[in-house]
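A short worksheet on the structure shown next.
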Amino acid sequence: MSTARPRPSFPAKLGKTTAKASSAAAHLSSAKQLFKPAAHRLGKTDTPVQLQVQVEGLGLDSQAVRHKMVLKLKEQGITDPRVILAMSRIERHRFLDSALVNQAYEDTSLPIGFGQTISKPGVVSRMMELLLQAPSMIKKSSTQGQTKLGRILEIGTGCGYQAALLGQIASEVYSMERVRGLHDKARENLRPLSLPNVHLLLGDGMVGYPKGAPYAAIISAAGGDALPQAWLDQLALHGRLVAPMVAHGTQQALLVVDHMPQGFVHTVLEAVHFVPLKSGLA
């Protein structure tokens with residue numbers, strides 16, 4: 001793998017904020033205040049935050065329903081302990097509007113505004129596991145145990161959920177979003193988590209982020225007709241790219257690209273459905 005370059009200076013670092021303790025509320029409008037963990041920081045413990053909120057009069061134990069979600073992911077074939085731990089730690093309901101909180105841990109995509117969606121937990125965990133199954137990562141794990149990925153480029157920040165998850169399995173995450181409203185929403189959603197290795201960029205994901213290259217992994221939350229050349233150029237030797245791409249007609253499929261010494265090796269996997277990949281800012 002290519003020698004990692006020093007991290008570029010970053011104007012979009014997430015600022016740290018102090019979590020506020022608050023009591024349970026019965027109204028949806030106040031539910032998000034309860035999602036801020038008190039006296040706890042993600043990444044400092046392997047124990048997920050436990051909290052109790054009231055949603056439309058129904059008790060929602062975040063830790064319990066997240067545990068059920070993780071069990072379903074295991075039933076679907078997700079086995080990597082790094083992925084399982086990330087899905088257990090990061091609270092998906094943080095990234096949704098109040099009216100959708102009670103659906104947060106269902107294996108379904110949900111609207112996040114601006115014509116975009118938050119991906120299914122099953123698809124997100126599947127793509128993360130594919131990144132960790134890169135030949136270079138398997139080789140490292142056989143000699144060094146369960147290691148983290150290096151620097152990741154994420155195309156399509158959306159509401160910030162996947163960026164937060166990637167921050168649990170990688171040393172650094174650069175996440176790009178072309179829609180300013182979503183970029184701002186992701187910053188707001190991620191700020192209470194104080195994840196120092198997650199950096200948000202407002203920019204055209206199709207051109208990537210050359211200043212941070214080469215990347216050990218690239219992952220896209222939008223699918224196009226062909227891979228942008230910029231992504232391949234920014235993928236490190238022995239790095240892996242996972243993205244939805246049109247495979248047959250209008251049908252998307254997961255595409256895995258490994259950057260090997262002999263060139264790029266493409267593998268087409270199962271059918272998926274993602275929002276279309278677009279260029280420019282919005």
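Here, A, B, ... name the chains of the structure tokens in the order displayed, residue numbers run from 1 inside each chain, and ligands are numbered from 1 in the same displayed order.
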**Report entry** Contacts of range 116-123 of chain A at 9 Å (only C-alpha atoms; same-chain gap of 5+ positions) as a PyMOL selection string
**Finding:** chain A and resi 69-70+72-73+76+78+87+92+95-96+105-111+128+158-162+182+221+272+274-275
Query - Selection near Leu201 in chain A, 7 Å with only C-alpha atoms, sequence-local residues under 2 positions removed, as a ChimeraX atom specification - result: /A:12,175-177,199,203
With N, CA and C atoms retained, export the selected residues as a compact mmCIF listing (two decimals), in the first residue's frame.
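This went into part_34.txt:
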# COMPACT_ATOMS: atom_id res chain seq x y z
N ALA A 12 -13.26 21.92 8.18
CA ALA A 12 -14.58 21.39 8.50
C ALA A 12 -14.57 20.42 9.66
N SER A 175 -15.68 12.83 4.49
CA SER A 175 -17.01 12.59 3.94
C SER A 175 -17.47 13.80 3.15
N MET A 176 -17.85 13.58 1.89
CA MET A 176 -18.24 14.66 0.99
C MET A 176 -19.73 14.65 0.73
N GLU A 177 -20.33 15.84 0.72
CA GLU A 177 -21.75 16.01 0.42
C GLU A 177 -21.92 17.19 -0.52
N HIS A 199 -14.34 14.04 9.31
CA HIS A 199 -14.26 15.38 8.74
C HIS A 199 -15.27 15.51 7.60
N GLY A 203 -18.77 19.53 -1.18
CA GLY A 203 -18.09 19.50 -2.47
C GLY A 203 -18.68 18.46 -3.39
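For the choices A:Lys278, A:Lys68, A:Lys185, A:Lys139, the atom-to-atom distance to Gly205 in chain A is smallest for A:Lys278 when using only C-alpha atoms.
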Query raised in the report: Between CA of Leu227 in chain A and CA of Phe264 in chain A, what is the spacing in Å?
Result: 11.9 Å
